[in-house]
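A.B. asks: One file is attached below, target.pdb, containing PDB, N, CA and C atoms.
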MODEL        1
ATOM      1  N   MET O   1       0.831  -1.180   0.000
ATOM      2  CA  MET O   1       0.000   0.000   0.000
ATOM      3  C   MET O   1       0.872   1.239   0.000
ATOM      4  N   SER O   2       0.298   2.281  -0.432
ATOM      5  CA  SER O   2       1.009   3.547  -0.458
ATOM      6  C   SER O   2       1.142   4.095   0.951
ATOM      7  N   ASP O   3       2.245   4.770   1.220
ATOM      8  CA  ASP O   3       2.443   5.322   2.561
ATOM      9  C   ASP O   3       1.803   6.699   2.717
ATOM     10  N   LYS O   4       1.066   7.184   1.716
ATOM     11  CA  LYS O   4       0.456   8.501   1.832
ATOM     12  C   LYS O   4      -0.743   8.504   2.780
ATOM     13  N   PHE O   5      -1.254   7.327   3.123
ATOM     14  CA  PHE O   5      -2.405   7.254   4.011
ATOM     15  C   PHE O   5      -1.999   7.262   5.485
ATOM     16  N   PHE O   6      -0.741   7.014   5.794
ATOM     17  CA  PHE O   6      -0.342   6.802   7.173
ATOM     18  C   PHE O   6       0.325   7.999   7.839
ATOM     19  N   PHE O   7       0.867   8.904   7.078
ATOM     20  CA  PHE O   7       1.478  10.077   7.689
ATOM     21  C   PHE O   7       1.378  11.255   6.740
ATOM     22  N   LYS O   8       1.487  12.446   7.316
ATOM     23  CA  LYS O   8       1.469  13.641   6.488
ATOM     24  C   LYS O   8       2.907  14.005   6.169
ATOM     25  N   GLY O   9       3.193  14.176   4.934
ATOM     26  CA  GLY O   9       4.546  14.507   4.527
ATOM     27  C   GLY O   9       4.815  14.026   3.119
ATOM     28  N   ARG O  10       6.063  14.016   2.746
ATOM     29  CA  ARG O  10       6.449  13.648   1.393
ATOM     30  C   ARG O  10       6.373  12.141   1.196
ATOM     31  N   GLN O  11       5.839  11.728   0.052
ATOM     32  CA  GLN O  11       5.817  10.308  -0.288
ATOM     33  C   GLN O  11       7.238   9.826  -0.570
ATOM     34  N   THR O  12       7.471   8.546  -0.405
ATOM     35  CA  THR O  12       8.783   8.006  -0.762
ATOM     36  C   THR O  12       8.891   8.001  -2.278
ATOM     37  N   PRO O  13       9.945   8.590  -2.826
ATOM     38  CA  PRO O  13      10.047   8.686  -4.286
ATOM     39  C   PRO O  13      10.389   7.336  -4.905
ATOM     40  N   LYS O  14       9.981   7.161  -6.153
ATOM     41  CA  LYS O  14      10.355   5.968  -6.902
ATOM     42  C   LYS O  14      11.839   6.071  -7.262
ATOM     43  N   PRO O  15      12.527   4.953  -7.332
ATOM     44  CA  PRO O  15      13.950   5.028  -7.686
ATOM     45  C   PRO O  15      14.126   5.507  -9.121
ATOM     46  N   ALA O  16      15.220   6.183  -9.385
ATOM     47  CA  ALA O  16      15.527   6.651 -10.731
ATOM     48  C   ALA O  16      15.834   5.457 -11.630
ATOM     49  N   TYR O  17      15.789   5.683 -12.932
ATOM     50  CA  TYR O  17      16.001   4.607 -13.900
ATOM     51  C   TYR O  17      17.354   3.926 -13.710
ATOM     52  N   GLY O  18      18.384   4.680 -13.437
ATOM     53  CA  GLY O  18      19.722   4.117 -13.292
ATOM     54  C   GLY O  18      19.899   3.296 -12.034
ATOM     55  N   GLN O  19      19.018   3.445 -11.061
ATOM     56  CA  GLN O  19      19.138   2.728  -9.799
ATOM     57  C   GLN O  19      18.196   1.538  -9.713
ATOM     58  N   SER O  20      17.434   1.277 -10.748
ATOM     59  CA  SER O  20      16.396   0.261 -10.650
ATOM     60  C   SER O  20      16.823  -1.111 -11.140
ATOM     61  N   GLY O  21      18.113  -1.378 -11.245
ATOM     62  CA  GLY O  21      18.551  -2.723 -11.584
ATOM     63  C   GLY O  21      19.162  -2.857 -12.956
ATOM     64  N   TYR O  22      19.054  -1.853 -13.801
ATOM     65  CA  TYR O  22      19.670  -1.931 -15.111
ATOM     66  C   TYR O  22      21.128  -1.515 -14.999
ATOM     67  N   ASN O  23      22.000  -2.236 -15.682
ATOM     68  CA  ASN O  23      23.427  -1.935 -15.634
ATOM     69  C   ASN O  23      23.730  -0.851 -16.661
ATOM     70  N   THR O  24      23.732   0.389 -16.208
ATOM     71  CA  THR O  24      23.978   1.504 -17.124
ATOM     72  C   THR O  24      25.454   1.852 -17.225
ATOM     73  N   LYS O  25      26.298   1.258 -16.408
ATOM     74  CA  LYS O  25      27.723   1.583 -16.407
ATOM     75  C   LYS O  25      28.581   0.398 -16.845
ATOM     76  N   ARG O  26      28.069  -0.388 -17.778
ATOM     77  CA  ARG O  26      28.836  -1.551 -18.232
ATOM     78  C   ARG O  26      30.034  -1.105 -19.066
ATOM     79  N   GLN O  27      31.048  -1.933 -19.101
ATOM     80  CA  GLN O  27      32.265  -1.596 -19.818
ATOM     81  C   GLN O  27      32.081  -1.861 -21.306
ATOM     82  N   ALA O  28      32.835  -1.126 -22.120
ATOM     83  CA  ALA O  28      32.813  -1.342 -23.558
ATOM     84  C   ALA O  28      33.531  -2.655 -23.871
ATOM     85  N   LYS O  29      33.074  -3.343 -24.905
ATOM     86  CA  LYS O  29      33.678  -4.610 -25.296
ATOM     87  C   LYS O  29      35.102  -4.361 -25.778
ATOM     88  N   ILE O  30      36.024  -5.176 -25.309
ATOM     89  CA  ILE O  30      37.435  -5.007 -25.640
ATOM     90  C   ILE O  30      37.679  -5.479 -27.075
ATOM     91  N   GLY O  31      38.531  -4.763 -27.794
ATOM     92  CA  GLY O  31      38.858  -5.117 -29.169
ATOM     93  C   GLY O  31      38.010  -4.380 -30.188
ATOM     94  N   THR O  32      37.245  -3.391 -29.761
ATOM     95  CA  THR O  32      36.426  -2.597 -30.675
ATOM     96  C   THR O  32      37.078  -1.233 -30.885
ATOM     97  N   GLU O  33      36.444  -0.400 -31.698
ATOM     98  CA  GLU O  33      36.998   0.938 -31.956
ATOM     99  C   GLU O  33      37.053   1.771 -30.686
ATOM    100  N   ALA O  34      36.039   1.642 -29.832
ATOM    101  CA  ALA O  34      35.993   2.420 -28.599
ATOM    102  C   ALA O  34      37.032   1.937 -27.588
ATOM    103  N   ASN O  35      37.371   0.648 -27.616
ATOM    104  CA  ASN O  35      38.290   0.076 -26.636
ATOM    105  C   ASN O  35      39.207  -0.942 -27.330
ATOM    106  N   PRO O  36      40.203  -0.486 -28.099
ATOM    107  CA  PRO O  36      41.077  -1.432 -28.810
ATOM    108  C   PRO O  36      42.028  -2.154 -27.852
ATOM    109  N   LEU O  37      42.516  -3.303 -28.303
ATOM    110  CA  LEU O  37      43.509  -4.049 -27.537
ATOM    111  C   LEU O  37      44.823  -3.262 -27.513
ATOM    112  N   VAL O  38      45.534  -3.301 -26.392
ATOM    113  CA  VAL O  38      46.836  -2.656 -26.273
ATOM    114  C   VAL O  38      47.867  -3.768 -26.099
ATOM    115  N   LEU O  39      48.660  -3.994 -27.151
ATOM    116  CA  LEU O  39      49.622  -5.097 -27.161
ATOM    117  C   LEU O  39      51.015  -4.546 -27.416
ATOM    118  N   SER O  40      52.020  -5.216 -26.841
ATOM    119  CA  SER O  40      53.403  -4.836 -27.137
ATOM    120  C   SER O  40      54.202  -6.105 -27.385
ATOM    121  N   VAL O  41      55.029  -6.044 -28.442
ATOM    122  CA  VAL O  41      55.870  -7.182 -28.821
ATOM    123  C   VAL O  41      57.312  -6.693 -28.950
ATOM    124  N   GLN O  42      58.235  -7.664 -29.123
ATOM    125  CA  GLN O  42      59.647  -7.301 -29.155
ATOM    126  C   GLN O  42      60.216  -7.169 -30.564
ATOM    127  N   THR O  43      59.660  -7.880 -31.555
ATOM    128  CA  THR O  43      60.226  -7.841 -32.903
ATOM    129  C   THR O  43      59.139  -7.549 -33.934
ATOM    130  N   GLU O  44      59.600  -7.143 -35.123
ATOM    131  CA  GLU O  44      58.677  -6.879 -36.234
ATOM    132  C   GLU O  44      58.018  -8.160 -36.724
ATOM    133  N   ALA O  45      58.771  -9.266 -36.742
ATOM    134  CA  ALA O  45      58.209 -10.544 -37.196
ATOM    135  C   ALA O  45      57.071 -10.993 -36.268
ATOM    136  N   ARG O  46      57.292 -10.845 -34.982
ATOM    137  CA  ARG O  46      56.245 -11.212 -34.013
ATOM    138  C   ARG O  46      55.034 -10.289 -34.157
ATOM    139  N   MET O  47      55.293  -9.039 -34.519
ATOM    140  CA  MET O  47      54.194  -8.097 -34.723
ATOM    141  C   MET O  47      53.305  -8.550 -35.875
ATOM    142  N   GLN O  48      53.914  -9.066 -36.946
ATOM    143  CA  GLN O  48      53.144  -9.563 -38.090
ATOM    144  C   GLN O  48      52.292 -10.770 -37.684
ATOM    145  N   GLU O  49      52.860 -11.674 -36.865
ATOM    146  CA  GLU O  49      52.104 -12.846 -36.408
ATOM    147  C   GLU O  49      50.900 -12.426 -35.560
ATOM    148  N   VAL O  50      51.134 -11.515 -34.636
ATOM    149  CA  VAL O  50      50.060 -11.054 -33.752
ATOM    150  C   VAL O  50      49.006 -10.305 -34.558
ATOM    151  N   GLN O  51      49.448  -9.525 -35.546
ATOM    152  CA  GLN O  51      48.505  -8.783 -36.391
ATOM    153  C   GLN O  51      47.601  -9.739 -37.160
ATOM    154  N   GLN O  52      48.128 -10.865 -37.635
ATOM    155  CA  GLN O  52      47.316 -11.864 -38.327
ATOM    156  C   GLN O  52      46.284 -12.479 -37.382
ATOM    157  N   MET O  53      46.686 -12.776 -36.145
ATOM    158  CA  MET O  53      45.734 -13.333 -35.175
ATOM    159  C   MET O  53      44.615 -12.339 -34.885
ATOM    160  N   VAL O  54      44.956 -11.067 -34.787
ATOM    161  CA  VAL O  54      43.962 -10.032 -34.516
ATOM    162  C   VAL O  54      42.990  -9.910 -35.685
ATOM    163  N   GLU O  55      43.506  -9.948 -36.914
ATOM    164  CA  GLU O  55      42.656  -9.818 -38.098
ATOM    165  C   GLU O  55      41.760 -11.031 -38.286
ATOM    166  N   GLN O  56      42.227 -12.221 -37.913
ATOM    167  CA  GLN O  56      41.386 -13.420 -38.026
ATOM    168  C   GLN O  56      40.169 -13.323 -37.122
ATOM    169  N   ARG O  57      40.341 -12.730 -35.958
ATOM    170  CA  ARG O  57      39.232 -12.567 -35.010
ATOM    171  C   ARG O  57      38.419 -11.300 -35.251
ATOM    172  N   LYS O  58      38.802 -10.510 -36.258
ATOM    173  CA  LYS O  58      38.127  -9.264 -36.606
ATOM    174  C   LYS O  58      38.083  -8.300 -35.418
ATOM    175  N   LEU O  59      39.254  -8.098 -34.811
ATOM    176  CA  LEU O  59      39.396  -7.195 -33.680
ATOM    177  C   LEU O  59      40.250  -6.001 -34.101
ATOM    178  N   LEU O  60      40.293  -5.000 -33.260
ATOM    179  CA  LEU O  60      41.169  -3.855 -33.477
ATOM    180  C   LEU O  60      42.192  -3.801 -32.349
ATOM    181  N   ALA O  61      43.446  -3.496 -32.699
ATOM    182  CA  ALA O  61      44.508  -3.491 -31.689
ATOM    183  C   ALA O  61      45.544  -2.425 -32.011
ATOM    184  N   ASN O  62      46.134  -1.886 -30.958
ATOM    185  CA  ASN O  62      47.288  -1.000 -31.064
ATOM    186  C   ASN O  62      48.506  -1.822 -30.663
ATOM    187  N   ILE O  63      49.335  -2.159 -31.656
ATOM    188  CA  ILE O  63      50.509  -3.003 -31.409
ATOM    189  C   ILE O  63      51.753  -2.132 -31.474
ATOM    190  N   THR O  64      52.559  -2.185 -30.416
ATOM    191  CA  THR O  64      53.814  -1.434 -30.391
ATOM    192  C   THR O  64      54.980  -2.411 -30.349
ATOM    193  N   VAL O  65      56.081  -2.027 -30.983
ATOM    194  CA  VAL O  65      57.299  -2.839 -30.997
ATOM    195  C   VAL O  65      58.318  -2.169 -30.092
ATOM    196  N   ASN O  66      58.740  -2.889 -29.032
ATOM    197  CA  ASN O  66      59.729  -2.363 -28.099
ATOM    198  C   ASN O  66      60.563  -3.543 -27.617
ATOM    199  N   SER O  67      61.821  -3.578 -28.028
ATOM    200  CA  SER O  67      62.681  -4.709 -27.687
ATOM    201  C   SER O  67      63.169  -4.660 -26.239
ATOM    202  N   ASP O  68      63.024  -3.529 -25.561
ATOM    203  CA  ASP O  68      63.485  -3.403 -24.177
ATOM    204  C   ASP O  68      62.490  -3.983 -23.173
ATOM    205  N   VAL O  69      61.227  -4.075 -23.555
ATOM    206  CA  VAL O  69      60.170  -4.518 -22.641
ATOM    207  C   VAL O  69      59.732  -5.932 -23.024
ATOM    208  N   ALA O  70      59.351  -6.719 -22.039
ATOM    209  CA  ALA O  70      58.876  -8.077 -22.301
ATOM    210  C   ALA O  70      57.565  -8.028 -23.081
ATOM    211  N   GLU O  71      57.321  -9.084 -23.847
ATOM    212  CA  GLU O  71      56.107  -9.150 -24.672
ATOM    213  C   GLU O  71      54.863  -9.164 -23.795
ATOM    214  N   ASP O  72      53.859  -8.387 -24.178
ATOM    215  CA  ASP O  72      52.622  -8.297 -23.417
ATOM    216  C   ASP O  72      51.436  -8.421 -24.362
ATOM    217  N   ILE O  73      50.920  -9.642 -24.525
ATOM    218  CA  ILE O  73      49.737  -9.874 -25.347
ATOM    219  C   ILE O  73      48.661 -10.565 -24.506
ATOM    220  N   LEU O  74      48.597 -10.208 -23.241
ATOM    221  CA  LEU O  74      47.676 -10.841 -22.303
ATOM    222  C   LEU O  74      46.218 -10.614 -22.697
ATOM    223  N   GLN O  75      45.867  -9.430 -23.171
ATOM    224  CA  GLN O  75      44.489  -9.148 -23.565
ATOM    225  C   GLN O  75      44.062 -10.031 -24.734
ATOM    226  N   LEU O  76      44.957 -10.235 -25.700
ATOM    227  CA  LEU O  76      44.643 -11.078 -26.851
ATOM    228  C   LEU O  76      44.498 -12.534 -26.441
ATOM    229  N   GLU O  77      45.377 -13.013 -25.561
ATOM    230  CA  GLU O  77      45.287 -14.398 -25.095
ATOM    231  C   GLU O  77      43.993 -14.637 -24.329
ATOM    232  N   GLY O  78      43.537 -13.626 -23.597
ATOM    233  CA  GLY O  78      42.273 -13.757 -22.881
ATOM    234  C   GLY O  78      41.099 -13.952 -23.816
ATOM    235  N   ILE O  79      41.125 -13.298 -24.969
ATOM    236  CA  ILE O  79      40.046 -13.460 -25.949
ATOM    237  C   ILE O  79      40.179 -14.784 -26.685
ATOM    238  N   LEU O  80      41.409 -15.164 -27.062
ATOM    239  CA  LEU O  80      41.622 -16.403 -27.814
ATOM    240  C   LEU O  80      41.319 -17.642 -26.982
ATOM    241  N   ASN O  81      41.616 -17.611 -25.686
ATOM    242  CA  ASN O  81      41.439 -18.778 -24.822
ATOM    243  C   ASN O  81      40.210 -18.638 -23.933
ATOM    244  N   LYS O  82      39.164 -18.049 -24.466
ATOM    245  CA  LYS O  82      37.944 -17.834 -23.692
ATOM    246  C   LYS O  82      37.310 -19.180 -23.357
ATOM    247  N   PRO O  83      36.971 -19.418 -22.086
ATOM    248  CA  PRO O  83      36.401 -20.708 -21.720
ATOM    249  C   PRO O  83      34.998 -20.890 -22.316
ATOM    250  N   THR O  84      34.663 -22.131 -22.592
ATOM    251  CA  THR O  84      33.340 -22.444 -23.133
ATOM    252  C   THR O  84      32.498 -23.102 -22.055
ATOM    253  N   ALA O  85      31.211 -22.971 -22.175
ATOM    254  CA  ALA O  85      30.296 -23.561 -21.205
ATOM    255  C   ALA O  85      30.223 -25.074 -21.406
ATOM    256  N   VAL O  86      30.144 -25.794 -20.302
ATOM    257  CA  VAL O  86      30.047 -27.244 -20.358
ATOM    258  C   VAL O  86      28.575 -27.621 -20.458
ATOM    259  N   THR O  87      28.247 -28.465 -21.433
ATOM    260  CA  THR O  87      26.866 -28.910 -21.594
ATOM    261  C   THR O  87      26.780 -30.394 -21.288
ATOM    262  N   ALA O  88      25.742 -30.773 -20.587
ATOM    263  CA  ALA O  88      25.548 -32.177 -20.244
ATOM    264  C   ALA O  88      24.741 -32.864 -21.348
ATOM    265  N   GLU O  89      24.911 -34.177 -21.453
ATOM    266  CA  GLU O  89      24.148 -34.928 -22.435
ATOM    267  C   GLU O  89      22.687 -34.974 -22.011
ATOM    268  N   ALA O  90      21.829 -35.163 -22.986
ATOM    269  CA  ALA O  90      20.410 -35.238 -22.693
ATOM    270  C   ALA O  90      20.117 -36.498 -21.882
ATOM    271  N   LYS O  91      19.256 -36.364 -20.894
ATOM    272  CA  LYS O  91      18.910 -37.483 -20.037
ATOM    273  C   LYS O  91      17.958 -38.426 -20.778
ATOM    274  N   ILE O  92      18.091 -39.708 -20.557
ATOM    275  CA  ILE O  92      17.239 -40.686 -21.219
ATOM    276  C   ILE O  92      15.888 -40.731 -20.513
ATOM    277  N   ASN O  93      14.833 -40.581 -21.285
ATOM    278  CA  ASN O  93      13.487 -40.710 -20.722
ATOM    279  C   ASN O  93      13.112 -42.176 -20.597
ATOM    280  N   ARG O  94      12.144 -42.462 -19.773
ATOM    281  CA  ARG O  94      11.754 -43.849 -19.523
ATOM    282  C   ARG O  94      11.203 -44.528 -20.770
ATOM    283  N   ASN O  95      10.491 -43.793 -21.616
ATOM    284  CA  ASN O  95       9.850 -44.414 -22.784
ATOM    285  C   ASN O  95      10.687 -44.362 -24.051
ATOM    286  N   ASP O  96      11.906 -43.848 -23.975
ATOM    287  CA  ASP O  96      12.797 -43.842 -25.136
ATOM    288  C   ASP O  96      13.350 -45.241 -25.368
ATOM    289  N   PRO O  97      13.770 -45.536 -26.602
ATOM    290  CA  PRO O  97      14.407 -46.844 -26.839
ATOM    291  C   PRO O  97      15.690 -46.969 -26.019
ATOM    292  N   CYS O  98      15.984 -48.158 -25.587
ATOM    293  CA  CYS O  98      17.148 -48.391 -24.737
ATOM    294  C   CYS O  98      18.438 -48.183 -25.525
ATOM    295  N   THR O  99      19.462 -47.690 -24.843
ATOM    296  CA  THR O  99      20.739 -47.403 -25.494
ATOM    297  C   THR O  99      21.570 -48.660 -25.744
ATOM    298  N   CYS O 100      21.193 -49.775 -25.131
ATOM    299  CA  CYS O 100      21.977 -50.994 -25.338
ATOM    300  C   CYS O 100      21.663 -51.665 -26.674
ATOM    301  N   GLY O 101      20.591 -51.222 -27.345
ATOM    302  CA  GLY O 101      20.285 -51.749 -28.671
ATOM    303  C   GLY O 101      19.332 -52.933 -28.663
ATOM    304  N   SER O 102      18.671 -53.210 -27.549
ATOM    305  CA  SER O 102      17.778 -54.365 -27.487
ATOM    306  C   SER O 102      16.448 -54.118 -28.196
ATOM    307  N   GLY O 103      16.088 -52.861 -28.391
ATOM    308  CA  GLY O 103      14.823 -52.542 -29.043
ATOM    309  C   GLY O 103      13.695 -52.336 -28.057
ATOM    310  N   LYS O 104      13.926 -52.640 -26.784
ATOM    311  CA  LYS O 104      12.904 -52.436 -25.769
ATOM    312  C   LYS O 104      12.943 -50.993 -25.280
ATOM    313  N   LYS O 105      11.883 -50.646 -24.537
ATOM    314  CA  LYS O 105      11.892 -49.335 -23.887
ATOM    315  C   LYS O 105      12.932 -49.357 -22.770
ATOM    316  N   TYR O 106      13.472 -48.175 -22.463
ATOM    317  CA  TYR O 106      14.504 -48.068 -21.436
ATOM    318  C   TYR O 106      14.000 -48.549 -20.085
ATOM    319  N   LYS O 107      12.724 -48.283 -19.755
ATOM    320  CA  LYS O 107      12.187 -48.664 -18.445
ATOM    321  C   LYS O 107      12.040 -50.175 -18.301
ATOM    322  N   LYS O 108      11.892 -50.895 -19.412
ATOM    323  CA  LYS O 108      11.747 -52.345 -19.360
ATOM    324  C   LYS O 108      13.093 -53.078 -19.462
ATOM    325  N   CYS O 109      14.106 -52.384 -19.948
ATOM    326  CA  CYS O 109      15.387 -53.042 -20.194
ATOM    327  C   CYS O 109      16.427 -52.680 -19.123
ATOM    328  N   CYS O 110      17.016 -51.522 -19.218
ATOM    329  CA  CYS O 110      18.125 -51.135 -18.348
ATOM    330  C   CYS O 110      17.704 -50.171 -17.261
ATOM    331  N   GLY O 111      16.482 -49.701 -17.261
ATOM    332  CA  GLY O 111      16.066 -48.694 -16.295
ATOM    333  C   GLY O 111      15.491 -49.306 -15.106
TER     334      GLY O 111
ENDMDL
END
Kindly present the structure from the file in structure tokens form.
C.D. replies:
Amino acid sequence: MSDKFFFKGRQTPKPAYGQSGYNTKRQAKIGTEANPLVLSVQTEARMQEVQQMVEQRKLLANITVNSDVAEDILQLEGILNKPTAVTAEAKINRNDPCTCGSGKKYKKCCG
């Protein structure tokens, strides 16, 4: 019920749109024009290899060559080695044919 019936004064305001559960401050996707990958390699040859990997994934990256600093392609490796969700096999229903190949229903054979 509304609290306007119980006391005299200001009603409790409704929350603003940004506070009502929608994520309005999400980060930009990495590897796009707004947020390119920042990579550093040590040689020109390695730069060509990394550039090919970036182009295969259709990403954008700023690659710098600096032989004094260790190679840093951590952002690219994070995208390339992204974990996949594990899916379970479909469960056998009682009235499905049995998996052992007998031709009987699962509930009459192995269930």
A.B. asks: Have a look at atom CA of O:Asn66 and atom C of O:Pro36 and let me know their distance in Å, one decimal.
C.D. replies: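 That distance, rounded to one decimal, is 17.7 Å.
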A.B. asks: Please measure the separation of atom CA of O:Val54 and atom CA of O:Ala85, giving the value in Å to one decimal.
C.D. replies: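 So the two atoms, atom CA of O:Val54 and atom CA of O:Ala85, lie 23.4 Å apart.
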A.B. asks: Just checking: using all atoms listed in the file, which residue out of O:Thr32, O:Thr43, O:Thr87, O:Asn95 ends up closest to O:Val65?
C.D. replies: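 The answer is O:Thr43, which sits nearest to O:Val65.
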A.B. asks: So the first atom is atom N of O:Gln56 and the second is atom CA of O:Lys82; what is the distance between them in Å, to one decimal place?
C.D. replies: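 Computed distance, atom N of O:Gln56 to atom CA of O:Lys82, equals 15.9 Å.
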A.B. asks: Quick check on the file I pasted: which residues fall under the PyMOL selection byres ((chain O and resi 107-110) around 7)? Write them as a count of residues only.
C.D. replies: 9
A.B. asks: Run the PyMOL selection byres ((chain O and resi 40) around 6) mentally over the shown coordinates, then write out the matched residues as a list in words, using the chain letters and numbers from the document.
C.D. replies: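 Selected by the PyMOL selection byres ((chain O and resi 40) around 6) here: Val38, Leu39, Val41, Gln42, Ile63, Thr64, Val65, Asn66, Ala70, Glu71, Asp72 and Ile73 of chain O.
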A.B. asks: Mind listing the strand (DSSP E or B) residues of stretch 15-94 of chain O, per DSSP on the backbone, as a list in words?
C.D. replies: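 In stretch 15-94 of chain O, DSSP puts these residues in strand (DSSP E or B): Leu37, Val38, Leu39, Ser40, Val41, Ala61, Asn62, Ile63, Thr64, Val65 and Asp72 of chain O.
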A.B. asks: Using all atoms listed in the file, can you tell me which of O:Pro83, O:Gly103, O:Leu60, O:Glu89 comes closest to O:Glu33?
C.D. replies: O:Leu60
A.B. asks: Considering only C-alpha atoms, return as a PyMOL selection string whatever protein or nucleic-acid residues lie within 12 Å of O:Ile30, sequence-local ones (same chain, fewer than 2 positions apart) excluded.
C.D. replies: chain O and resi 26-28+32-38+58-62+75-76+78-79
A.B. asks: Taking all atoms of stretch 74-83 of chain O that appear in the file, build a box with edges along x, y and z, extend it by 4 Å on every side, and state its centre and edge lengths in Å to one decimal, as lines of an AutoDock Vina configuration file.
C.D. replies:
center_x = 41.8
center_y = -15.0
center_z = -24.8
size_x = 21.6
size_y = 19.7
size_z = 14.1
